[in-house]
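Below is the file data-v7.txt, which contains compact mmCIF, N, CA and C atoms.
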```txt
# COMPACT_ATOMS: atom_id res chain seq x y z
N MET A 1 -47.51 -13.81 -65.67
CA MET A 1 -48.85 -13.29 -65.86
C MET A 1 -49.83 -14.44 -65.73
N LEU A 2 -50.88 -14.28 -64.92
CA LEU A 2 -51.89 -15.30 -64.76
C LEU A 2 -52.90 -15.22 -65.88
N ARG A 3 -53.24 -16.38 -66.42
CA ARG A 3 -54.28 -16.43 -67.43
C ARG A 3 -55.64 -16.42 -66.72
N PRO A 4 -56.67 -15.87 -67.37
CA PRO A 4 -58.00 -15.95 -66.77
C PRO A 4 -58.44 -17.41 -66.70
N ASP A 5 -59.36 -17.69 -65.80
CA ASP A 5 -59.88 -19.04 -65.63
C ASP A 5 -60.57 -19.49 -66.91
N PRO A 6 -60.06 -20.54 -67.59
CA PRO A 6 -60.66 -20.95 -68.86
C PRO A 6 -62.06 -21.52 -68.70
N TRP A 7 -62.42 -21.95 -67.50
CA TRP A 7 -63.77 -22.50 -67.29
C TRP A 7 -64.80 -21.40 -67.13
N ASP A 8 -64.37 -20.16 -67.01
CA ASP A 8 -65.28 -19.04 -66.81
C ASP A 8 -65.90 -18.64 -68.14
N ILE A 9 -67.09 -19.13 -68.39
CA ILE A 9 -67.78 -18.77 -69.64
C ILE A 9 -69.09 -18.06 -69.32
N ARG A 10 -68.99 -17.14 -68.36
CA ARG A 10 -70.17 -16.36 -68.01
C ARG A 10 -70.65 -15.61 -69.24
N PRO A 11 -71.96 -15.56 -69.43
CA PRO A 11 -72.49 -14.82 -70.57
C PRO A 11 -72.26 -13.33 -70.41
N PRO A 12 -72.29 -12.58 -71.52
CA PRO A 12 -72.09 -11.14 -71.44
C PRO A 12 -73.22 -10.47 -70.66
N ARG A 13 -72.90 -9.34 -70.08
CA ARG A 13 -73.92 -8.57 -69.36
C ARG A 13 -74.71 -7.77 -70.39
N VAL A 14 -76.02 -7.75 -70.22
CA VAL A 14 -76.89 -7.07 -71.16
C VAL A 14 -77.77 -6.10 -70.38
N VAL A 15 -77.87 -4.87 -70.86
CA VAL A 15 -78.77 -3.89 -70.25
C VAL A 15 -80.06 -3.91 -71.05
N GLU A 16 -81.18 -4.13 -70.37
CA GLU A 16 -82.46 -4.18 -71.05
C GLU A 16 -82.87 -2.79 -71.49
N VAL A 17 -83.44 -2.70 -72.69
CA VAL A 17 -83.94 -1.43 -73.20
C VAL A 17 -85.09 -0.97 -72.31
N GLY A 18 -85.08 0.29 -71.95
CA GLY A 18 -86.15 0.83 -71.13
C GLY A 18 -85.90 0.73 -69.63
N LYS A 19 -84.83 0.07 -69.22
CA LYS A 19 -84.51 -0.03 -67.79
C LYS A 19 -83.70 1.19 -67.37
N ALA A 20 -83.75 1.48 -66.12
CA ALA A 20 -82.97 2.60 -65.59
C ALA A 20 -81.49 2.32 -65.76
N GLU A 21 -80.71 3.40 -65.88
CA GLU A 21 -79.27 3.25 -66.02
C GLU A 21 -78.72 2.45 -64.84
N GLY A 22 -77.83 1.53 -65.12
CA GLY A 22 -77.23 0.72 -64.08
C GLY A 22 -77.99 -0.57 -63.82
N ALA A 23 -79.19 -0.70 -64.35
CA ALA A 23 -79.95 -1.94 -64.17
C ALA A 23 -79.55 -2.92 -65.25
N SER A 24 -78.70 -3.85 -64.90
CA SER A 24 -78.26 -4.83 -65.89
C SER A 24 -78.57 -6.22 -65.38
N MET A 25 -78.54 -7.19 -66.28
CA MET A 25 -78.82 -8.57 -65.90
C MET A 25 -77.91 -9.49 -66.68
N ARG A 26 -77.76 -10.68 -66.15
CA ARG A 26 -77.02 -11.70 -66.89
C ARG A 26 -77.99 -12.29 -67.90
N SER A 27 -77.50 -12.50 -69.09
CA SER A 27 -78.34 -13.06 -70.14
C SER A 27 -77.72 -14.35 -70.64
N GLN A 28 -78.55 -15.29 -70.96
CA GLN A 28 -78.06 -16.54 -71.53
C GLN A 28 -77.94 -16.42 -73.05
N GLN A 29 -78.19 -15.23 -73.57
CA GLN A 29 -78.08 -15.04 -75.01
C GLN A 29 -76.64 -15.23 -75.45
N ARG A 30 -76.49 -15.85 -76.59
CA ARG A 30 -75.17 -15.98 -77.17
C ARG A 30 -75.04 -14.90 -78.24
N LEU A 31 -73.82 -14.67 -78.66
CA LEU A 31 -73.59 -13.73 -79.74
C LEU A 31 -74.01 -14.37 -81.04
N GLN A 32 -74.14 -13.59 -82.08
CA GLN A 32 -74.61 -14.10 -83.36
C GLN A 32 -73.55 -14.96 -84.04
N PRO A 33 -73.97 -16.05 -84.72
CA PRO A 33 -73.01 -16.88 -85.45
C PRO A 33 -72.39 -16.08 -86.60
N VAL A 34 -71.15 -16.40 -86.91
CA VAL A 34 -70.46 -15.77 -88.03
C VAL A 34 -69.95 -16.86 -88.97
N LYS A 35 -69.78 -16.50 -90.23
CA LYS A 35 -69.29 -17.45 -91.24
C LYS A 35 -67.77 -17.43 -91.34
N ASP A 36 -67.13 -16.37 -90.83
CA ASP A 36 -65.68 -16.27 -90.83
C ASP A 36 -65.25 -15.71 -89.47
N ALA A 37 -64.55 -16.52 -88.69
CA ALA A 37 -64.17 -16.12 -87.33
C ALA A 37 -62.74 -15.61 -87.24
N SER A 38 -62.04 -15.50 -88.36
CA SER A 38 -60.61 -15.16 -88.32
C SER A 38 -60.34 -13.80 -87.69
N HIS A 39 -61.32 -12.90 -87.69
CA HIS A 39 -61.14 -11.57 -87.09
C HIS A 39 -61.43 -11.55 -85.59
N LEU A 40 -61.91 -12.66 -85.03
CA LEU A 40 -62.33 -12.68 -83.63
C LEU A 40 -61.22 -13.06 -82.65
N TYR A 41 -60.13 -13.63 -83.14
CA TYR A 41 -59.02 -14.00 -82.26
C TYR A 41 -57.73 -14.02 -83.07
N GLU A 42 -56.62 -13.76 -82.38
CA GLU A 42 -55.31 -13.70 -83.04
C GLU A 42 -54.61 -15.05 -82.97
N VAL A 43 -53.90 -15.36 -84.04
CA VAL A 43 -53.03 -16.54 -84.10
C VAL A 43 -51.71 -16.10 -84.71
N GLU A 44 -50.65 -16.88 -84.47
CA GLU A 44 -49.36 -16.57 -85.10
C GLU A 44 -49.42 -16.81 -86.60
N ARG A 45 -50.14 -17.87 -86.97
CA ARG A 45 -50.24 -18.21 -88.40
C ARG A 45 -51.52 -18.99 -88.64
N ARG A 46 -52.11 -18.75 -89.81
CA ARG A 46 -53.32 -19.46 -90.22
C ARG A 46 -53.19 -19.75 -91.72
N ALA A 47 -53.32 -21.01 -92.10
CA ALA A 47 -53.25 -21.39 -93.51
C ALA A 47 -54.37 -22.38 -93.80
N TYR A 48 -55.04 -22.18 -94.93
CA TYR A 48 -56.09 -23.11 -95.34
C TYR A 48 -55.53 -24.04 -96.40
N HIS A 49 -55.52 -25.34 -96.08
CA HIS A 49 -54.99 -26.34 -97.01
C HIS A 49 -56.06 -26.85 -97.96
N LEU A 50 -57.32 -26.79 -97.54
CA LEU A 50 -58.42 -27.27 -98.37
C LEU A 50 -59.68 -26.53 -97.96
N GLU A 51 -60.38 -25.99 -98.93
CA GLU A 51 -61.68 -25.36 -98.68
C GLU A 51 -62.63 -25.79 -99.77
N ARG A 52 -63.64 -26.53 -99.35
CA ARG A 52 -64.69 -27.00 -100.25
C ARG A 52 -66.02 -26.72 -99.57
N PRO A 53 -67.09 -26.63 -100.34
CA PRO A 53 -68.40 -26.47 -99.68
C PRO A 53 -68.63 -27.61 -98.69
N GLY A 54 -68.84 -27.26 -97.44
CA GLY A 54 -69.14 -28.25 -96.42
C GLY A 54 -67.95 -28.89 -95.74
N PHE A 55 -66.71 -28.55 -96.13
CA PHE A 55 -65.54 -29.16 -95.51
C PHE A 55 -64.32 -28.28 -95.73
N ARG A 56 -63.47 -28.20 -94.70
CA ARG A 56 -62.21 -27.47 -94.86
C ARG A 56 -61.17 -27.99 -93.88
N ILE A 57 -59.91 -27.79 -94.25
CA ILE A 57 -58.78 -28.15 -93.41
C ILE A 57 -57.90 -26.91 -93.28
N ALA A 58 -57.66 -26.50 -92.04
CA ALA A 58 -56.82 -25.34 -91.78
C ALA A 58 -55.68 -25.74 -90.84
N GLU A 59 -54.59 -25.00 -90.93
CA GLU A 59 -53.46 -25.17 -90.01
C GLU A 59 -53.33 -23.88 -89.22
N LEU A 60 -53.33 -23.99 -87.91
CA LEU A 60 -53.20 -22.82 -87.05
C LEU A 60 -51.99 -22.98 -86.14
N GLN A 61 -51.38 -21.85 -85.85
CA GLN A 61 -50.26 -21.82 -84.91
C GLN A 61 -50.58 -20.78 -83.84
N LEU A 62 -50.54 -21.21 -82.57
CA LEU A 62 -50.81 -20.33 -81.44
C LEU A 62 -49.55 -20.12 -80.63
N SER A 63 -49.29 -18.89 -80.21
CA SER A 63 -48.20 -18.62 -79.26
C SER A 63 -48.62 -19.17 -77.90
N LYS A 64 -47.72 -19.12 -76.94
CA LYS A 64 -48.04 -19.68 -75.62
C LYS A 64 -49.08 -18.87 -74.87
N THR A 65 -49.42 -17.67 -75.34
CA THR A 65 -50.44 -16.86 -74.67
C THR A 65 -51.74 -16.75 -75.45
N GLN A 66 -51.80 -17.29 -76.63
CA GLN A 66 -53.00 -17.16 -77.46
C GLN A 66 -53.98 -18.30 -77.22
N THR A 67 -55.26 -18.00 -77.40
CA THR A 67 -56.31 -19.01 -77.28
C THR A 67 -57.33 -18.82 -78.40
N VAL A 68 -58.07 -19.86 -78.68
CA VAL A 68 -59.27 -19.76 -79.50
C VAL A 68 -60.42 -19.74 -78.49
N PRO A 69 -61.14 -18.61 -78.39
CA PRO A 69 -62.11 -18.42 -77.31
C PRO A 69 -63.27 -19.42 -77.33
N TRP A 70 -64.02 -19.42 -76.24
CA TRP A 70 -65.19 -20.29 -76.12
C TRP A 70 -66.15 -20.06 -77.29
N HIS A 71 -66.54 -21.15 -77.92
CA HIS A 71 -67.46 -21.10 -79.05
C HIS A 71 -68.00 -22.50 -79.31
N PHE A 72 -68.92 -22.58 -80.24
CA PHE A 72 -69.35 -23.88 -80.76
C PHE A 72 -69.76 -23.70 -82.21
N HIS A 73 -70.02 -24.81 -82.87
CA HIS A 73 -70.48 -24.82 -84.26
C HIS A 73 -71.83 -25.52 -84.29
N SER A 74 -72.79 -24.93 -84.99
CA SER A 74 -74.15 -25.47 -85.01
C SER A 74 -74.26 -26.79 -85.77
N ASN A 75 -73.52 -26.91 -86.87
CA ASN A 75 -73.74 -28.03 -87.78
C ASN A 75 -72.55 -28.93 -88.03
N ILE A 76 -71.37 -28.51 -87.65
CA ILE A 76 -70.17 -29.27 -88.02
C ILE A 76 -69.38 -29.70 -86.80
N SER A 77 -68.57 -30.72 -86.98
CA SER A 77 -67.64 -31.13 -85.93
C SER A 77 -66.27 -30.56 -86.26
N ASP A 78 -65.46 -30.41 -85.22
CA ASP A 78 -64.05 -30.04 -85.35
C ASP A 78 -63.22 -31.27 -85.03
N THR A 79 -62.29 -31.60 -85.90
CA THR A 79 -61.32 -32.65 -85.59
C THR A 79 -59.96 -31.99 -85.50
N PHE A 80 -59.35 -32.02 -84.32
CA PHE A 80 -58.04 -31.42 -84.08
C PHE A 80 -56.97 -32.49 -84.20
N TYR A 81 -55.85 -32.13 -84.83
CA TYR A 81 -54.69 -33.02 -84.94
C TYR A 81 -53.45 -32.19 -84.65
N VAL A 82 -52.73 -32.50 -83.59
CA VAL A 82 -51.59 -31.69 -83.16
C VAL A 82 -50.33 -32.09 -83.93
N LEU A 83 -49.67 -31.09 -84.52
CA LEU A 83 -48.41 -31.29 -85.24
C LEU A 83 -47.20 -31.01 -84.34
N GLU A 84 -47.23 -29.88 -83.62
CA GLU A 84 -46.13 -29.48 -82.72
C GLU A 84 -46.70 -28.80 -81.49
N GLY A 85 -46.06 -29.01 -80.35
CA GLY A 85 -46.49 -28.36 -79.12
C GLY A 85 -47.50 -29.19 -78.36
N THR A 86 -48.16 -28.52 -77.40
CA THR A 86 -49.14 -29.18 -76.54
C THR A 86 -50.42 -28.36 -76.52
N MET A 87 -51.53 -29.00 -76.85
CA MET A 87 -52.84 -28.36 -76.86
C MET A 87 -53.62 -28.79 -75.62
N ARG A 88 -54.34 -27.82 -75.06
CA ARG A 88 -55.31 -28.17 -74.02
C ARG A 88 -56.67 -27.68 -74.48
N LEU A 89 -57.59 -28.62 -74.58
CA LEU A 89 -58.96 -28.33 -74.97
C LEU A 89 -59.83 -28.32 -73.72
N PHE A 90 -60.63 -27.29 -73.56
CA PHE A 90 -61.63 -27.23 -72.52
C PHE A 90 -62.98 -27.39 -73.21
N LEU A 91 -63.83 -28.24 -72.66
CA LEU A 91 -65.12 -28.53 -73.28
C LEU A 91 -66.23 -28.49 -72.23
N GLN A 92 -67.43 -28.18 -72.69
CA GLN A 92 -68.63 -28.20 -71.86
C GLN A 92 -69.61 -29.21 -72.45
N LYS A 93 -70.61 -29.56 -71.66
CA LYS A 93 -71.71 -30.44 -72.11
C LYS A 93 -71.23 -31.79 -72.58
N PRO A 94 -70.59 -32.61 -71.80
CA PRO A 94 -70.23 -32.42 -70.40
C PRO A 94 -68.88 -31.72 -70.25
N LYS A 95 -68.65 -31.22 -69.03
CA LYS A 95 -67.38 -30.54 -68.72
C LYS A 95 -66.24 -31.55 -68.83
N GLN A 96 -65.21 -31.17 -69.58
CA GLN A 96 -64.07 -32.06 -69.83
C GLN A 96 -62.89 -31.21 -70.26
N ASP A 97 -61.68 -31.71 -70.03
CA ASP A 97 -60.52 -31.10 -70.66
C ASP A 97 -59.63 -32.22 -71.15
N ALA A 98 -58.90 -31.92 -72.22
CA ALA A 98 -58.04 -32.92 -72.85
C ALA A 98 -56.71 -32.28 -73.19
N ILE A 99 -55.64 -33.02 -72.97
CA ILE A 99 -54.29 -32.60 -73.34
C ILE A 99 -53.89 -33.40 -74.57
N LEU A 100 -53.47 -32.71 -75.63
CA LEU A 100 -53.06 -33.37 -76.86
C LEU A 100 -51.61 -33.03 -77.17
N LYS A 101 -50.85 -34.04 -77.52
CA LYS A 101 -49.44 -33.92 -77.91
C LYS A 101 -49.34 -34.21 -79.40
N PRO A 102 -48.17 -33.99 -80.03
CA PRO A 102 -48.02 -34.28 -81.45
C PRO A 102 -48.46 -35.72 -81.78
N GLY A 103 -49.28 -35.82 -82.82
CA GLY A 103 -49.81 -37.11 -83.24
C GLY A 103 -51.17 -37.44 -82.65
N ASP A 104 -51.61 -36.68 -81.62
CA ASP A 104 -52.91 -36.92 -81.00
C ASP A 104 -54.01 -36.19 -81.77
N SER A 105 -55.21 -36.74 -81.73
CA SER A 105 -56.37 -36.10 -82.34
C SER A 105 -57.54 -36.13 -81.37
N PHE A 106 -58.50 -35.26 -81.63
CA PHE A 106 -59.68 -35.17 -80.77
C PHE A 106 -60.82 -34.60 -81.61
N VAL A 107 -62.01 -35.19 -81.49
CA VAL A 107 -63.18 -34.72 -82.23
C VAL A 107 -64.13 -34.02 -81.27
N VAL A 108 -64.54 -32.81 -81.64
CA VAL A 108 -65.55 -32.05 -80.89
C VAL A 108 -66.81 -32.03 -81.76
N GLU A 109 -67.86 -32.64 -81.26
CA GLU A 109 -69.11 -32.74 -82.02
C GLU A 109 -69.81 -31.39 -82.13
N ALA A 110 -70.65 -31.25 -83.14
CA ALA A 110 -71.44 -30.03 -83.35
C ALA A 110 -72.24 -29.71 -82.09
N GLY A 111 -72.30 -28.43 -81.76
CA GLY A 111 -73.08 -27.97 -80.62
C GLY A 111 -72.36 -28.00 -79.28
N ARG A 112 -71.16 -28.57 -79.23
CA ARG A 112 -70.45 -28.68 -77.96
C ARG A 112 -69.50 -27.49 -77.77
N PRO A 113 -69.71 -26.67 -76.74
CA PRO A 113 -68.83 -25.53 -76.50
C PRO A 113 -67.40 -25.98 -76.19
N HIS A 114 -66.43 -25.26 -76.77
CA HIS A 114 -65.03 -25.60 -76.53
C HIS A 114 -64.14 -24.36 -76.65
N LEU A 115 -62.97 -24.46 -76.01
CA LEU A 115 -61.95 -23.43 -76.01
C LEU A 115 -60.62 -24.14 -76.23
N VAL A 116 -59.76 -23.56 -77.06
CA VAL A 116 -58.46 -24.16 -77.38
C VAL A 116 -57.36 -23.28 -76.79
N THR A 117 -56.43 -23.90 -76.04
CA THR A 117 -55.30 -23.16 -75.49
C THR A 117 -54.00 -23.87 -75.82
N ASN A 118 -52.92 -23.11 -75.76
CA ASN A 118 -51.58 -23.66 -75.90
C ASN A 118 -51.11 -23.96 -74.48
N ALA A 119 -50.89 -25.23 -74.18
CA ALA A 119 -50.49 -25.64 -72.83
C ALA A 119 -48.99 -25.74 -72.68
N GLY A 120 -48.24 -25.42 -73.73
CA GLY A 120 -46.79 -25.56 -73.68
C GLY A 120 -46.06 -24.24 -73.56
N GLU A 121 -44.75 -24.32 -73.61
CA GLU A 121 -43.89 -23.13 -73.53
C GLU A 121 -43.44 -22.66 -74.91
N THR A 122 -43.74 -23.43 -75.95
CA THR A 122 -43.42 -23.05 -77.33
C THR A 122 -44.72 -22.98 -78.12
N SER A 123 -44.63 -22.56 -79.36
CA SER A 123 -45.82 -22.44 -80.20
C SER A 123 -46.50 -23.80 -80.38
N LEU A 124 -47.81 -23.74 -80.52
CA LEU A 124 -48.65 -24.91 -80.79
C LEU A 124 -49.07 -24.84 -82.25
N THR A 125 -48.85 -25.91 -83.00
CA THR A 125 -49.29 -25.98 -84.40
C THR A 125 -50.21 -27.18 -84.53
N PHE A 126 -51.37 -26.96 -85.13
CA PHE A 126 -52.33 -28.05 -85.28
C PHE A 126 -53.15 -27.89 -86.55
N LEU A 127 -53.65 -29.03 -87.02
CA LEU A 127 -54.61 -29.05 -88.11
C LEU A 127 -56.00 -29.09 -87.50
N ILE A 128 -56.93 -28.45 -88.18
CA ILE A 128 -58.32 -28.55 -87.77
C ILE A 128 -59.14 -28.87 -89.02
N MET A 129 -59.82 -30.01 -88.96
CA MET A 129 -60.69 -30.43 -90.05
C MET A 129 -62.11 -30.15 -89.63
N GLN A 130 -62.84 -29.38 -90.45
CA GLN A 130 -64.18 -28.94 -90.07
C GLN A 130 -65.19 -29.35 -91.12
N GLY A 131 -66.23 -30.03 -90.70
CA GLY A 131 -67.28 -30.47 -91.60
C GLY A 131 -67.96 -31.67 -90.99
N VAL A 132 -68.78 -32.28 -91.67
CA VAL A 132 -69.31 -31.99 -92.98
C VAL A 132 -70.60 -31.20 -92.77
N GLY A 133 -70.71 -30.07 -93.44
CA GLY A 133 -71.87 -29.20 -93.32
C GLY A 133 -71.46 -27.74 -93.42
N GLU A 134 -72.44 -26.87 -93.27
CA GLU A 134 -72.19 -25.44 -93.38
C GLU A 134 -71.48 -24.93 -92.12
N TYR A 135 -70.34 -24.27 -92.31
CA TYR A 135 -69.53 -23.74 -91.21
C TYR A 135 -70.21 -22.53 -90.59
N ASP A 136 -70.21 -22.50 -89.27
CA ASP A 136 -70.48 -21.28 -88.52
C ASP A 136 -69.65 -21.33 -87.24
N TYR A 137 -69.48 -20.17 -86.64
CA TYR A 137 -68.72 -20.02 -85.40
C TYR A 137 -69.62 -19.21 -84.49
N VAL A 138 -70.03 -19.81 -83.38
CA VAL A 138 -70.93 -19.12 -82.46
C VAL A 138 -70.15 -18.77 -81.19
N PRO A 139 -69.71 -17.51 -81.05
CA PRO A 139 -68.94 -17.11 -79.87
C PRO A 139 -69.82 -17.12 -78.62
N LEU A 140 -69.21 -17.48 -77.49
CA LEU A 140 -69.96 -17.55 -76.23
C LEU A 140 -69.60 -16.44 -75.26
N VAL A 141 -68.48 -15.78 -75.44
CA VAL A 141 -68.11 -14.67 -74.55
C VAL A 141 -67.52 -13.55 -75.37
```

Represent the structure from my file as structure tokens, please.
Amino acid sequence: MLRPDPWDIRPPRVVEVGKAEGASMRSQQRLQPVKDASHLYEVERRAYHLERPGFRIAELQLSKTQTVPWHFHSNISDTFYVLEGTMRLFLQKPKQDAILKPGDSFVVEAGRPHLVTNAGETSLTFLIMQGVGEYDYVPLV
């Protein structure tokens, strides 16, 4: 099965109110930020090791077909640390991708769009440290 192109972050199609049926346009609008994104994408396992105001550490496990969709955080950075498997991060502003193996880490600064994929044939397990600041998740697609 082919995965969709991870670089494809076209904005959602929006129909303007008052326009004739079928008249749609591309919008640069993003979806609304949420304080809890756990319902927006599936993972094999999610555990929170530390949750404090302004900082948290979670452990996530992705199957070989699961992804964390394109998003960004307004105020906090994400620090990824791979425990098992192979992670591929896709990033925008500037466009970049990174492959992380066990023991590797990568920091995604606040405001930078990113997507997390499992680049291996087995499950990917990683820690994500998020902070310092108020958490939000701004979906892009």

Run DSSP on the backbone and tell me which residues of range 41-100 of chain A come out as strand (DSSP E or B); list them as a ChimeraX atom specification.
/A:45-52,55-62,67-72,77-84,87-91,96-100

Using only N, CA and C atoms, find each residue of range 47-81 of chain A with at least one atom at most 8 Å away from an atom of range 137-140 of chain A; report its shortest atom-to-atom pair and that distance in Å (one decimal), sort the rows by chain and rising residue number, and return the result as JSON lines.
```
{"residue": "A:Pro69", "atom": "C", "partner": "A:Leu140", "partner_atom": "N", "distance": 6.3}
{"residue": "A:Trp70", "atom": "C", "partner": "A:Leu140", "partner_atom": "N", "distance": 4.0}
{"residue": "A:His71", "atom": "CA", "partner": "A:Val138", "partner_atom": "C", "distance": 4.2}
{"residue": "A:Phe72", "atom": "C", "partner": "A:Val138", "partner_atom": "N", "distance": 4.1}
{"residue": "A:His73", "atom": "N", "partner": "A:Val138", "partner_atom": "N", "distance": 5.0}
{"residue": "A:Ser74", "atom": "N", "partner": "A:Tyr137", "partner_atom": "N", "distance": 6.0}
{"residue": "A:Asn75", "atom": "N", "partner": "A:Tyr137", "partner_atom": "N", "distance": 7.9}
```

Distance atom C of Thr117 in chain A-atom N of Asp104 in chain A, one decimal place?
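Result for atom C of Thr117 in chain A versus atom N of Asp104 in chain A: 14.3 Å, one decimal.
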
Using only N, CA and C atoms and a cutoff of 7 Å, can you tell me which residues are near (-46.6, -31.4, -78.0) in the file's coordinates, and write them out as a ChimeraX atom specification?
/A:83-87,100-102

Quote the spacing between CA of Leu89 in chain A and CA of Val34 in chain A in Å to one decimal place.
21.5 Å

Find, counting all atoms listed in the file, the residue in A:Val108, A:Gln92, A:Leu127, A:Val141 that gets nearest to Ala58 in chain A.
A:Leu127

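Comparing A:Ser123, A:Thr65, A:Gln130, A:Gln96 by their smallest distance to Ser77 in chain A, the closest is A:Gln130 (using all atoms listed in the file).
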
Of the listed residues A:Gly54, A:Pro94, A:Pro113, A:Gly120, that which approaches Gly133 in chain A most closely, counting all atoms listed in the file
A:Gly54

Could you jot down the CA of Ile128 in chain A to CA of Phe80 in chain A separation for me, Å, one decimal place?
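Atom-to-atom, CA of Ile128 in chain A to CA of Phe80 in chain A, that is 4.7 Å.
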
So, counting all atoms listed in the file, which residue among A:Ala37, A:Val82, A:Leu91, A:Ile57 is closest to Leu115 in chain A?
A:Leu91
